[in-house]
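One file, protein_39.txt, is given below (compact mmCIF, C-alpha atoms).
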```txt
# COMPACT_ATOMS: atom_id res chain seq x y z
CA MET A 1 6.56 52.47 -10.61
CA THR A 2 4.94 51.50 -13.86
CA ILE A 3 6.12 50.32 -17.22
CA HIS A 4 5.63 52.76 -20.06
CA HIS A 5 7.27 51.02 -22.99
CA HIS A 6 5.95 47.60 -23.94
CA LEU A 7 6.55 44.92 -26.54
CA ASN A 8 4.51 45.56 -29.66
CA ASP A 9 1.76 43.18 -30.66
CA ALA A 10 3.57 41.82 -33.69
CA THR A 11 6.47 40.75 -31.48
CA LEU A 12 4.15 39.23 -28.89
CA MET A 13 2.26 37.33 -31.58
CA ALA A 14 5.50 35.88 -32.91
CA TYR A 15 6.46 34.84 -29.38
CA ALA A 16 3.07 33.23 -28.79
CA ALA A 17 3.26 31.35 -32.09
CA GLY A 18 6.75 30.08 -31.30
CA SER A 19 8.36 31.73 -34.29
CA VAL A 20 10.99 33.84 -32.54
CA SER A 21 14.59 32.77 -32.07
CA GLU A 22 15.89 31.46 -28.76
CA SER A 23 17.69 34.70 -27.87
CA LEU A 24 14.65 36.86 -28.70
CA SER A 25 12.40 34.62 -26.62
CA PHE A 26 14.89 35.04 -23.76
CA VAL A 27 14.59 38.82 -23.71
CA ILE A 28 10.84 38.76 -24.35
CA ALA A 29 10.33 36.32 -21.46
CA THR A 30 12.46 38.47 -19.16
CA HIS A 31 10.28 41.49 -19.92
CA LEU A 32 7.13 39.40 -19.48
CA SER A 33 8.30 38.35 -16.03
CA VAL A 34 8.17 41.97 -14.89
CA CYS A 35 5.27 43.26 -17.02
CA SER A 36 1.74 42.09 -16.24
CA THR A 37 0.30 44.10 -19.14
CA CYS A 38 2.30 42.23 -21.77
CA ARG A 39 1.68 38.96 -19.94
CA ALA A 40 -2.07 39.47 -20.22
CA ARG A 41 -1.71 40.20 -23.94
CA VAL A 42 0.48 37.22 -24.65
CA ALA A 43 -1.97 34.99 -22.76
CA GLU A 44 -4.69 36.18 -25.15
CA MET A 45 -2.48 35.42 -28.10
CA GLU A 46 -1.57 31.98 -26.81
CA SER A 47 -5.28 31.27 -26.62
CA LEU A 48 -5.26 31.83 -30.40
CA GLY A 49 -2.80 28.95 -30.48
CA GLY A 50 -5.17 26.92 -28.31
CA ALA A 51 -8.02 27.66 -30.70
CA GLU A 52 -5.83 26.65 -33.64
CA LEU A 53 -4.99 23.37 -31.94
CA GLU A 54 -8.64 22.74 -31.17
CA SER A 55 -9.60 23.23 -34.81
CA GLN A 56 -6.88 20.96 -36.24
CA SER A 57 -8.08 18.03 -38.23
CA GLU A 58 -7.31 14.82 -36.38
CA MET A 59 -4.43 12.69 -37.55
CA THR A 60 -4.73 9.03 -36.57
CA MET A 61 -2.33 7.97 -33.86
CA SER A 62 -0.65 4.58 -34.01
CA SER A 63 -2.68 1.79 -32.44
CA THR A 64 -0.22 1.41 -29.56
CA ALA A 65 0.20 5.11 -28.80
CA LEU A 66 -2.20 5.36 -25.90
CA ASP A 67 -0.94 2.13 -24.27
CA ASN A 68 2.67 3.30 -24.70
CA VAL A 69 2.01 6.53 -22.91
CA MET A 70 -0.26 5.05 -20.24
CA ALA A 71 2.49 2.57 -19.41
CA LEU A 72 4.82 5.47 -18.62
CA LEU A 73 2.51 7.32 -16.26
CA ASP A 74 3.66 5.56 -13.12
CA ASP A 75 7.34 5.84 -13.96
CA ASP A 76 9.46 8.05 -11.87
CA PHE A 77 10.64 10.95 -13.86
CA PHE A 78 13.09 13.55 -12.85
CA VAL A 79 11.18 16.45 -11.49
CA GLU A 80 11.12 19.43 -13.77
CA GLU A 81 14.01 21.41 -12.38
CA SER A 82 12.27 24.29 -10.73
CA LYS A 83 13.85 27.59 -11.41
CA ILE A 84 15.81 27.89 -8.23
CA SER A 85 17.60 31.15 -8.30
CA LYS A 86 21.25 30.88 -7.61
CA PRO A 87 22.19 31.99 -4.11
CA VAL A 88 24.43 34.69 -5.51
CA ALA A 89 21.71 36.06 -7.72
CA ASN A 90 19.90 39.07 -6.45
CA SER A 91 16.14 38.74 -6.51
CA ASN A 92 16.07 42.07 -8.34
CA ILE A 93 17.14 40.24 -11.46
CA PRO A 94 14.07 38.97 -13.32
CA SER A 95 13.91 35.44 -14.69
CA PRO A 96 14.92 33.80 -16.95
CA LEU A 97 17.88 36.23 -17.00
CA ARG A 98 18.55 35.46 -13.32
CA ASP A 99 19.28 31.83 -14.15
CA TYR A 100 21.96 32.76 -16.68
CA LEU A 101 24.01 35.22 -14.64
CA PRO A 102 26.80 33.94 -12.41
CA HIS A 103 26.71 37.05 -10.20
CA GLU A 104 24.80 40.19 -9.50
CA TYR A 105 25.23 42.93 -12.09
CA GLU A 106 28.06 44.75 -10.34
CA ALA A 107 30.13 41.61 -9.78
CA LEU A 108 30.04 40.44 -13.42
CA GLU A 109 33.22 40.44 -15.44
CA TRP A 110 32.40 43.41 -17.63
CA LYS A 111 34.51 43.99 -20.71
CA THR A 112 35.13 47.36 -22.27
CA MET A 113 33.45 47.96 -25.59
CA ALA A 114 34.07 51.67 -26.01
CA PRO A 115 34.71 54.56 -23.63
CA GLY A 116 31.89 54.57 -21.10
CA VAL A 117 30.35 51.39 -22.47
CA LYS A 118 30.94 47.93 -21.03
CA TYR A 119 29.40 44.64 -22.02
CA PHE A 120 28.85 41.16 -20.70
CA THR A 121 28.01 38.37 -23.13
CA LEU A 122 25.54 35.78 -21.92
CA ASP A 123 26.65 32.19 -22.24
CA GLY A 124 24.23 29.36 -22.49
CA VAL A 125 21.69 31.05 -24.75
CA ASN A 126 21.99 30.52 -28.48
CA ALA A 127 22.12 33.92 -30.18
CA GLY A 128 22.60 32.55 -33.69
CA LYS A 129 24.11 35.20 -35.97
CA GLY A 130 23.04 38.00 -33.67
CA THR A 131 24.15 39.00 -30.20
CA LEU A 132 22.78 38.72 -26.69
CA ARG A 133 24.49 40.76 -24.03
CA LEU A 134 24.20 43.13 -21.15
CA LEU A 135 25.41 46.66 -21.75
CA LYS A 136 26.47 49.02 -19.01
CA ILE A 137 26.42 52.61 -20.14
CA ALA A 138 28.02 55.31 -18.01
CA PRO A 139 26.01 58.47 -17.24
CA GLY A 140 25.84 60.88 -20.15
CA VAL A 141 27.34 58.44 -22.64
CA THR A 142 25.61 58.15 -26.00
CA ILE A 143 25.48 55.07 -28.18
CA PRO A 144 26.04 56.26 -31.77
CA GLU A 145 22.96 56.69 -33.91
CA HIS A 146 22.12 53.51 -35.75
CA THR A 147 19.36 51.81 -37.64
CA HIS A 148 18.39 48.18 -37.56
CA GLU A 149 18.38 45.56 -40.25
CA GLY A 150 16.74 42.99 -38.09
CA THR A 151 15.01 43.03 -34.77
CA GLU A 152 16.58 44.65 -31.76
CA LEU A 153 15.10 44.59 -28.28
CA THR A 154 16.54 46.60 -25.42
CA LEU A 155 15.26 45.89 -21.93
CA VAL A 156 16.30 48.31 -19.20
CA LEU A 157 17.29 46.55 -16.00
CA LYS A 158 18.72 49.41 -13.98
CA GLY A 159 19.04 53.16 -14.44
CA SER A 160 17.52 54.74 -17.53
CA PHE A 161 18.20 56.05 -21.00
CA SER A 162 16.51 58.44 -23.38
CA ASP A 163 16.32 58.49 -27.15
CA GLU A 164 14.11 59.97 -29.86
CA VAL A 165 11.25 57.73 -28.76
CA GLY A 166 11.24 58.68 -25.10
CA ARG A 167 12.62 57.82 -21.70
CA PHE A 168 13.20 54.18 -20.78
CA LYS A 169 13.41 53.11 -17.15
CA ALA A 170 13.77 49.75 -15.39
CA GLY A 171 11.30 47.27 -16.87
CA ASP A 172 10.75 49.29 -20.05
CA ILE A 173 11.59 47.64 -23.33
CA ALA A 174 12.45 49.31 -26.63
CA ASP A 175 10.92 47.23 -29.42
CA LEU A 176 12.04 49.12 -32.47
CA ASP A 177 10.84 48.81 -36.00
CA ASP A 178 13.49 48.43 -38.64
CA ASP A 179 13.33 51.93 -39.98
CA ILE A 180 13.79 53.81 -36.72
CA HIS A 181 17.04 55.65 -36.20
CA HIS A 182 17.89 56.01 -32.60
CA GLN A 183 20.62 57.30 -30.37
CA PRO A 184 20.18 56.28 -26.76
CA ILE A 185 21.89 58.25 -24.00
CA ALA A 186 22.21 57.19 -20.36
CA ASP A 187 20.43 60.09 -18.75
CA THR A 188 20.91 59.96 -14.99
CA ASP A 189 23.90 59.91 -12.68
CA GLU A 190 23.89 56.14 -12.40
CA ASP A 191 25.00 53.51 -14.90
CA CYS A 192 22.29 52.26 -17.19
CA ILE A 193 22.25 48.46 -17.46
CA CYS A 194 20.31 46.95 -20.36
CA LEU A 195 19.78 43.53 -21.83
CA ILE A 196 20.08 43.78 -25.60
CA VAL A 197 19.37 41.22 -28.27
CA THR A 198 20.02 41.83 -31.94
CA GLU A 199 19.19 39.50 -34.76
CA ALA A 200 21.32 41.03 -37.47
CA PRO A 201 24.16 43.56 -37.53
CA LEU A 202 23.19 47.14 -36.78
CA LYS A 203 23.77 49.77 -39.45
CA PHE A 204 25.28 52.97 -38.16
CA LYS A 205 24.37 56.16 -39.95
CA ALA A 206 27.59 58.11 -40.15
CA MET A 207 31.07 57.08 -41.29
CA MET A 208 32.79 57.70 -37.98
CA PRO A 209 30.73 55.26 -35.95
CA LYS A 210 31.73 52.49 -38.34
CA LEU A 211 34.82 52.29 -36.21
CA PHE A 212 32.59 52.01 -33.20
CA GLN A 213 30.67 49.25 -34.90
CA TYR A 214 33.92 47.45 -35.45
CA PHE A 215 34.78 47.57 -31.78
CA VAL A 216 31.30 46.92 -30.57
CA GLY A 217 30.95 43.97 -32.86
CA MET A 218 27.24 44.62 -33.10
CA MET B 1 -9.04 0.95 -19.92
CA ASP B 2 -8.81 0.55 -23.66
CA GLN B 3 -12.41 -0.56 -23.58
CA ALA B 4 -13.58 2.54 -21.79
CA ILE B 5 -11.96 4.70 -24.41
CA LYS B 6 -13.40 2.80 -27.31
CA SER B 7 -16.88 3.07 -25.88
CA ASN B 8 -17.11 6.71 -26.91
CA PRO B 9 -14.48 7.31 -29.55
CA THR B 10 -16.34 9.90 -31.53
CA GLU B 11 -17.75 11.90 -28.67
CA VAL B 12 -16.91 15.52 -29.28
CA LEU B 13 -15.94 17.16 -26.07
CA ASP B 14 -16.06 20.89 -25.82
CA SER B 15 -13.44 23.17 -24.45
CA GLN B 16 -15.10 23.41 -21.07
CA GLN B 17 -15.14 19.64 -20.62
CA MET B 18 -11.51 19.41 -21.71
CA THR B 19 -10.49 21.89 -19.08
CA ALA B 20 -12.51 20.01 -16.44
CA LEU B 21 -10.72 16.78 -17.44
CA LEU B 22 -7.35 18.45 -17.10
CA VAL B 23 -8.29 19.70 -13.65
CA ARG B 24 -9.08 16.09 -12.70
CA VAL B 25 -5.67 15.00 -13.95
CA SER B 26 -4.07 17.88 -12.10
CA LYS B 27 -5.83 17.43 -8.75
CA GLU B 28 -6.60 13.70 -8.63
CA ARG B 29 -4.07 12.15 -11.01
CA ASP B 30 -7.09 10.63 -12.73
CA LYS B 31 -5.85 8.26 -15.47
CA GLN B 32 -9.24 7.84 -17.02
CA ALA B 33 -9.49 11.59 -17.49
CA PHE B 34 -5.98 11.58 -18.93
CA ALA B 35 -6.93 8.89 -21.45
CA CYS B 36 -9.83 11.05 -22.62
CA LEU B 37 -7.53 14.05 -23.02
CA PHE B 38 -5.11 11.85 -24.95
CA GLN B 39 -7.81 10.66 -27.33
CA HIS B 40 -8.88 14.21 -27.99
CA PHE B 41 -5.59 16.08 -28.16
CA ALA B 42 -2.94 13.60 -29.39
CA PRO B 43 -4.37 13.42 -32.95
CA ARG B 44 -4.61 17.23 -33.04
CA VAL B 45 -1.10 17.78 -31.73
CA LYS B 46 0.15 15.25 -34.29
CA SER B 47 -1.60 17.18 -37.03
CA TYR B 48 -0.22 20.51 -35.76
CA ILE B 49 3.36 19.18 -35.71
CA PHE B 50 2.94 17.47 -39.07
CA LYS B 51 1.70 20.65 -40.74
CA LEU B 52 4.72 22.48 -39.38
CA GLY B 53 6.89 20.26 -41.56
CA SER B 54 7.81 17.15 -39.57
CA ASP B 55 7.40 13.68 -41.02
CA GLU B 56 4.66 11.48 -39.67
CA ALA B 57 6.88 9.40 -37.39
CA MET B 58 8.25 12.54 -35.73
CA ALA B 59 4.78 14.05 -35.44
CA GLU B 60 3.56 10.85 -33.77
CA GLU B 61 6.52 10.83 -31.38
CA LEU B 62 6.05 14.48 -30.43
CA ALA B 63 2.32 14.04 -29.93
CA GLN B 64 3.04 11.21 -27.48
CA GLN B 65 5.72 13.26 -25.74
CA THR B 66 3.42 16.25 -25.49
CA LEU B 67 0.69 14.25 -23.81
CA LEU B 68 3.20 12.63 -21.48
CA GLN B 69 4.29 16.13 -20.46
CA VAL B 70 0.65 17.02 -19.90
CA TRP B 71 0.53 14.26 -17.30
CA ARG B 72 3.85 15.19 -15.72
CA LYS B 73 3.24 18.91 -15.58
CA ALA B 74 -0.45 18.77 -14.78
CA HIS B 75 0.14 20.04 -11.24
CA LEU B 76 1.22 23.36 -12.79
CA PHE B 77 -2.05 23.82 -14.68
CA ASP B 78 -4.19 26.66 -13.40
CA ASP B 79 -7.64 26.75 -14.93
CA SER B 80 -8.13 30.37 -13.93
CA LYS B 81 -5.27 31.30 -16.26
CA ALA B 82 -5.75 29.21 -19.39
CA ALA B 83 -8.04 26.75 -21.12
CA ALA B 84 -6.73 23.19 -21.52
CA SER B 85 -6.24 23.66 -25.26
CA THR B 86 -4.11 26.78 -24.72
CA TRP B 87 -1.98 25.11 -22.06
CA ILE B 88 -1.44 22.02 -24.22
CA PHE B 89 -0.65 24.20 -27.23
CA ARG B 90 2.14 25.83 -25.22
CA ILE B 91 3.63 22.44 -24.32
CA ALA B 92 3.48 21.23 -27.93
CA ARG B 93 4.96 24.50 -29.22
CA ASN B 94 7.87 24.41 -26.78
CA LEU B 95 8.62 20.72 -27.30
CA ARG B 96 8.68 21.13 -31.04
CA LEU B 97 11.08 24.07 -30.86
CA ASP B 98 13.25 22.23 -28.38
CA LEU B 99 13.43 18.88 -30.16
CA ILE B 100 13.17 19.84 -33.82
CA ARG B 101 14.59 23.32 -34.08
CA LYS B 102 17.01 22.69 -31.20
CA GLU B 103 16.13 26.06 -29.77
CA LYS B 104 14.67 26.83 -26.42
CA HIS B 105 11.52 28.86 -26.09
CA PHE B 106 11.97 30.74 -22.86
CA GLU B 107 8.93 31.05 -20.66
CA TYR B 108 8.21 33.89 -18.30
CA ASP B 109 7.68 33.48 -14.59
CA ASP B 110 4.16 34.35 -13.58
CA HIS B 111 5.17 34.79 -9.99
CA ASP B 112 8.39 36.65 -10.47
CA LEU B 113 9.30 38.70 -7.45
CA THR B 114 10.68 41.47 -9.60
CA GLN B 115 7.31 42.27 -11.13
CA ILE B 116 6.64 45.91 -11.49
CA GLU B 117 3.21 46.88 -10.26
CA ASP B 118 0.88 47.91 -12.97
CA GLU B 119 -2.47 49.28 -11.99
CA SER B 120 -3.90 48.65 -15.44
CA ASP B 121 -4.04 44.92 -14.67
CA SER B 122 -7.40 44.92 -12.97
CA PRO B 123 -9.18 41.70 -11.99
CA GLU B 124 -12.05 42.22 -14.41
CA LYS B 125 -9.58 41.71 -17.23
CA HIS B 126 -9.44 38.04 -16.41
CA LEU B 127 -11.83 36.46 -18.82
CA ASP B 128 -13.76 33.33 -18.38
CA ARG B 129 -11.18 30.92 -19.78
CA MET B 130 -13.70 28.16 -20.01
CA GLN B 131 -15.60 29.69 -22.88
CA HIS B 132 -12.59 31.43 -24.19
CA THR B 133 -11.23 29.04 -26.81
CA ALA B 134 -14.50 28.82 -28.68
CA ILE B 135 -14.89 32.58 -28.73
CA VAL B 136 -11.34 33.14 -29.92
CA ARG B 137 -11.78 30.55 -32.66
CA GLU B 138 -14.93 32.27 -33.78
CA ALA B 139 -13.17 35.63 -33.76
CA VAL B 140 -10.31 34.29 -35.88
CA SER B 141 -12.76 32.85 -38.38
CA GLN B 142 -14.20 36.32 -38.86
CA LEU B 143 -10.90 37.99 -39.70
CA PRO B 144 -10.48 39.49 -43.15
CA PRO B 145 -8.68 36.94 -45.36
CA GLU B 146 -5.40 38.84 -45.54
CA GLN B 147 -5.20 38.99 -41.74
CA ALA B 148 -6.37 35.41 -41.21
CA GLU B 149 -3.70 34.24 -43.64
CA ILE B 150 -0.94 35.80 -41.57
CA VAL B 151 -2.27 34.39 -38.28
CA HIS B 152 -2.46 31.03 -40.00
CA LEU B 153 1.07 31.14 -41.40
CA SER B 154 2.37 32.20 -38.03
CA PHE B 155 0.59 29.62 -35.87
CA TYR B 156 0.01 26.73 -38.27
CA GLU B 157 3.15 26.95 -40.28
CA GLY B 158 5.42 28.42 -37.66
CA LEU B 159 6.82 31.02 -40.02
CA SER B 160 8.64 34.06 -38.68
CA HIS B 161 7.47 37.49 -39.82
CA GLY B 162 10.44 37.61 -42.19
CA ASP B 163 9.50 34.25 -43.71
CA ILE B 164 5.88 35.34 -44.11
CA ALA B 165 7.00 38.54 -45.85
CA GLU B 166 9.08 36.48 -48.25
CA ARG B 167 6.37 33.88 -48.85
CA LEU B 168 3.69 36.47 -49.61
CA ASP B 169 6.07 38.90 -51.24
CA LEU B 170 5.07 41.69 -48.86
CA PRO B 171 7.16 44.28 -47.01
CA LEU B 172 7.97 43.22 -43.44
CA GLY B 173 6.17 46.28 -42.12
CA THR B 174 2.95 45.17 -43.82
CA VAL B 175 3.18 41.72 -42.23
CA LYS B 176 3.69 43.27 -38.81
CA SER B 177 0.85 45.74 -39.18
CA ARG B 178 -1.55 43.03 -40.39
CA MET B 179 -0.54 40.95 -37.39
CA ARG B 180 -1.28 43.88 -35.09
CA LEU B 181 -4.63 44.53 -36.79
CA ALA B 182 -5.58 40.87 -36.54
CA PHE B 183 -4.86 40.79 -32.84
CA LYS B 184 -6.70 44.05 -32.22
CA ARG B 185 -9.69 42.75 -34.07
CA VAL B 186 -9.74 39.46 -32.22
CA LYS B 187 -9.38 41.33 -28.96
CA ASP B 188 -12.24 43.69 -29.82
CA THR B 189 -14.44 40.75 -30.71
CA ILE B 190 -13.61 38.98 -27.48
CA GLY B 191 -14.15 42.17 -25.52
CA GLY B 192 -17.55 42.61 -27.07
CA THR B 193 -18.57 39.04 -26.32
CA LEU B 194 -17.74 38.75 -22.66
```
Represent the structure from my file as structure tokens, please.
Amino acid sequence: MTIHHHLNDATLMAYAAGSVSESLSFVIATHLSVCSTCRARVAEMESLGGAELESQSEMTMSSTALDNVMALLDDDFFVEESKISKPVANSNIPSPLRDYLPHEYEALEWKTMAPGVKYFTLDGVNAGKGTLRLLKIAPGVTIPEHTHEGTELTLVLKGSFSDEVGRFKAGDIADLDDDIHHQPIADTDEDCICLIVTEAPLKFKAMMPKLFQYFVGM
Amino acid sequence: MDQAIKSNPTEVLDSQQMTALLVRVSKERDKQAFACLFQHFAPRVKSYIFKLGSDEAMAEELAQQTLLQVWRKAHLFDDSKAAASTWIFRIARNLRLDLIRKEKHFEYDDHDLTQIEDESDSPEKHLDRMQHTAIVREAVSQLPPEQAEIVHLSFYEGLSHGDIAERLDLPLGTVKSRMRLAFKRVKDTIGGTL
């Protein structure tokens, strides 16, 4: 199995520079955990950050700075909590998502958003004015056509969907530019589970789906 | 120990030596090596944080915190994956977001069991990280001004693509495409060098 849809370079650069929001970095990191191609690219970009740091002019530290820090080196410090996956969590869930789900996908308390579409909102990650949630789309169900005002990332975790851009399977991520209209449809006989982050409300194209937007709260 | 540091305060250490020092901290918990890293990186981290809009006291505090984390996390450093400057940049970046913007910057797991095999990730892609920083810096310095500006605003000033678009009065799409071009160009330069 291979990944066919990756994060675009502009998104990866923003991640490397530390200029994406918490919820975007959550979804980006979850894709990176499964995708070695994007990991290699982001490592290159982070080395731009290293080069930037290296070429900074030096700003004088206070005269006691080094002694302060040296004095702390022998202190016990609480060990960086290693990312121990919760016993209930299935190892098929990539991190950091794994650490924020109380149960495996099927055992989550899914809420109904629209016929054939259920959602689960992630607690513990700051989504600002946008949203961060899992969607579970029943086979054959279409999400109404919409465009994006801000960034939207959709990471497929299970099953697959198709839209105008192509077919997205587990591990694939849809990193859409603002002007793309798309209408994803779950295209196999199993539920499609995705992790979706939006930064600003979606704009639906037709009148009718406005109702849908109301219910969906996207 | 203070004496030892003061004996060579202006010595300019290159990226390769920095990485070797960090390996010594990582493997041997070598405090002398740590002090050298501190002398080199703390003033640069302070400058990086300061330019991103913090006052001097906060920049000083975060520079100290960053270097303390370098010591505490040194066992996680892998010199086959990153140069010291890149690894320390990541720590400074994450700390700043965490403490100043009150947002987490989620990191990926390099050893995640759910990784999907990708045959395009061949071993020869792994560059010599030791020389890497210098080459990348050189590549960035050769970018056309309009691309360099966007890399600069992104990394030095921590602006989002939306903020950059607003600052430069450009469409968001232009900012994104310049960012892509800049990266492609840097990558091509690096590819041609190694």
Can you pull out every residue within 10 Å of range 43-53 of chain B, counting all atoms listed in the file, but drop anything in the same chain fewer than 6 positions away, and send it as a PyMOL selection string?
(chain A and resi 52-62) or (chain B and resi 59-64+66-67+88-89+91-93+96+100+153+155-159)
Those same residues - C-alpha atoms - I'd like them written as a JSON list (two decimals), in the coordinates of the input.
```
[["chain", "number", "residue", "atom", "x", "y", "z"],
["A", 52, "GLU", "CA", -5.83, 26.65, -33.64],
["A", 53, "LEU", "CA", -4.99, 23.37, -31.94],
["A", 54, "GLU", "CA", -8.64, 22.74, -31.17],
["A", 55, "SER", "CA", -9.60, 23.23, -34.81],
["A", 56, "GLN", "CA", -6.88, 20.96, -36.24],
["A", 57, "SER", "CA", -8.08, 18.03, -38.23],
["A", 58, "GLU", "CA", -7.31, 14.82, -36.38],
["A", 59, "MET", "CA", -4.43, 12.69, -37.55],
["A", 60, "THR", "CA", -4.73, 9.03, -36.57],
["A", 61, "MET", "CA", -2.33, 7.97, -33.86],
["A", 62, "SER", "CA", -0.65, 4.58, -34.01],
["B", 59, "ALA", "CA", 4.78, 14.05, -35.44],
["B", 60, "GLU", "CA", 3.56, 10.85, -33.77],
["B", 61, "GLU", "CA", 6.52, 10.83, -31.38],
["B", 62, "LEU", "CA", 6.05, 14.48, -30.43],
["B", 63, "ALA", "CA", 2.32, 14.04, -29.93],
["B", 64, "GLN", "CA", 3.04, 11.21, -27.48],
["B", 66, "THR", "CA", 3.42, 16.25, -25.49],
["B", 67, "LEU", "CA", 0.69, 14.25, -23.81],
["B", 88, "ILE", "CA", -1.44, 22.02, -24.22],
["B", 89, "PHE", "CA", -0.65, 24.20, -27.23],
["B", 91, "ILE", "CA", 3.63, 22.44, -24.32],
["B", 92, "ALA", "CA", 3.48, 21.23, -27.93],
["B", 93, "ARG", "CA", 4.96, 24.50, -29.22],
["B", 96, "ARG", "CA", 8.68, 21.13, -31.04],
["B", 100, "ILE", "CA", 13.17, 19.84, -33.82],
["B", 153, "LEU", "CA", 1.07, 31.14, -41.40],
["B", 155, "PHE", "CA", 0.59, 29.62, -35.87],
["B", 156, "TYR", "CA", 0.01, 26.73, -38.27],
["B", 157, "GLU", "CA", 3.15, 26.95, -40.28],
["B", 158, "GLY", "CA", 5.42, 28.42, -37.66],
["B", 159, "LEU", "CA", 6.82, 31.02, -40.02]]
```
So the first atom is CA of Gln147 in chain B and the second is CA of Lys176 in chain B; what is the distance between them in Å, to one decimal place?
10.3 Å
Contact set, chain A to chain B: 8 Å, only C-alpha atoms, as an MDAnalysis selection string:
chainID A and resid 1:3 9:10 13:14 17:22 25:26 29:30 32:37 43:62 65:66 69:70 72:73 91:96 126 171
12 Å contact set for Trp110 in chain A, only C-alpha atoms, chain neighbours under 4 positions out, as a ChimeraX atom specification
/A:103-106,114,116-122,133-137,193
What does the file look like for those residues with C-alpha atoms, as a short mmCIF file (atom, residue, chain, number, x, y, z; two decimals), in the frame of the given file?
```
data_model
loop_
_atom_site.label_atom_id
_atom_site.label_comp_id
_atom_site.auth_asym_id
_atom_site.auth_seq_id
_atom_site.Cartn_x
_atom_site.Cartn_y
_atom_site.Cartn_z
CA HIS A 103 26.71 37.05 -10.20
CA GLU A 104 24.80 40.19 -9.50
CA TYR A 105 25.23 42.93 -12.09
CA GLU A 106 28.06 44.75 -10.34
CA ALA A 114 34.07 51.67 -26.01
CA GLY A 116 31.89 54.57 -21.10
CA VAL A 117 30.35 51.39 -22.47
CA LYS A 118 30.94 47.93 -21.03
CA TYR A 119 29.40 44.64 -22.02
CA PHE A 120 28.85 41.16 -20.70
CA THR A 121 28.01 38.37 -23.13
CA LEU A 122 25.54 35.78 -21.92
CA ARG A 133 24.49 40.76 -24.03
CA LEU A 134 24.20 43.13 -21.15
CA LEU A 135 25.41 46.66 -21.75
CA LYS A 136 26.47 49.02 -19.01
CA ILE A 137 26.42 52.61 -20.14
CA ILE A 193 22.25 48.46 -17.46
#
```
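The shortest atom-to-atom distance to Pro144 in chain B, with all atoms listed in the file taken into account, belongs to B:Arg185 out of B:Leu170, B:Arg185, B:Lys27, B:Ile164.
Our summary of the geometry notes that CA of Leu24 in chain A is positioned 22.6 Å from CA of Lys111 in chain A.
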Put a box with edges along x, y and z around all the listed atoms of range 122-128 of chain A, pad it by 4 Å on each side, then give me its centre and sizes in Å, one decimal, as AutoDock Vina command-line options.
```
--center_x 24.2 --center_y 32.6 --center_z -27.8 --size_x 13.0 --size_y 14.4 --size_z 19.8
```
The distance between CA of Thr174 in chain B and CA of Ala16 in chain A is 19.2 Å
Closest to Val25 in chain B among B:Ala74, B:Met58, B:Ile150, B:Leu95, using all atoms listed in the file?
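Checking each of B:Ala74, B:Met58, B:Ile150, B:Leu95 against Val25 in chain B, counting all atoms listed in the file, the winner is B:Ala74.
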For Ala170 in chain A, which of A:Leu12, A:Lys129, A:Cys192, A:Lys158 is the closest residue, counting only C-alpha atoms?
A:Lys158
Which residues, written as number ranges by chain, have at least one atom at most 8 Å from Leu7 in chain A, with only C-alpha atoms counted and residues fewer than 4 positions away on the same chain left out?
A: 11-12, 28, 38, 173-175
Could you rebuild range 166-175 of chain A with N, CA and C atoms and give it back as a PDB file, keeping the file's coordinate frame?
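Resulting contents of out16.pdb:
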```
ATOM      1  N   GLY A 166      11.668  58.279 -26.438  1.00  0.00           N
ATOM      2  CA  GLY A 166      11.240  58.680 -25.100  1.00  0.00           C
ATOM      3  C   GLY A 166      12.247  58.249 -24.051  1.00  0.00           C
ATOM      4  N   ARG A 167      11.751  58.174 -22.821  1.00  0.00           N
ATOM      5  CA  ARG A 167      12.620  57.820 -21.700  1.00  0.00           C
ATOM      6  C   ARG A 167      12.322  56.397 -21.278  1.00  0.00           C
ATOM      7  N   PHE A 168      13.353  55.597 -21.112  1.00  0.00           N
ATOM      8  CA  PHE A 168      13.200  54.180 -20.780  1.00  0.00           C
ATOM      9  C   PHE A 168      13.803  53.908 -19.414  1.00  0.00           C
ATOM     10  N   LYS A 169      12.956  53.408 -18.510  1.00  0.00           N
ATOM     11  CA  LYS A 169      13.410  53.110 -17.150  1.00  0.00           C
ATOM     12  C   LYS A 169      13.314  51.600 -16.899  1.00  0.00           C
ATOM     13  N   ALA A 170      13.731  51.184 -15.699  1.00  0.00           N
ATOM     14  CA  ALA A 170      13.770  49.750 -15.390  1.00  0.00           C
ATOM     15  C   ALA A 170      12.439  49.078 -15.721  1.00  0.00           C
ATOM     16  N   GLY A 171      12.502  48.003 -16.470  1.00  0.00           N
ATOM     17  CA  GLY A 171      11.300  47.270 -16.870  1.00  0.00           C
ATOM     18  C   GLY A 171      10.822  47.650 -18.264  1.00  0.00           C
ATOM     19  N   ASP A 172      11.159  48.867 -18.702  1.00  0.00           N
ATOM     20  CA  ASP A 172      10.750  49.290 -20.050  1.00  0.00           C
ATOM     21  C   ASP A 172      11.549  48.543 -21.110  1.00  0.00           C
ATOM     22  N   ILE A 173      10.891  48.315 -22.243  1.00  0.00           N
ATOM     23  CA  ILE A 173      11.590  47.640 -23.330  1.00  0.00           C
ATOM     24  C   ILE A 173      11.422  48.455 -24.613  1.00  0.00           C
ATOM     25  N   ALA A 174      12.519  48.622 -25.340  1.00  0.00           N
ATOM     26  CA  ALA A 174      12.450  49.310 -26.630  1.00  0.00           C
ATOM     27  C   ALA A 174      12.343  48.237 -27.711  1.00  0.00           C
ATOM     28  N   ASP A 175      11.204  48.219 -28.377  1.00  0.00           N
ATOM     29  CA  ASP A 175      10.920  47.230 -29.420  1.00  0.00           C
ATOM     30  C   ASP A 175      10.823  48.022 -30.709  1.00  0.00           C
TER      31      ASP A 175
END
```
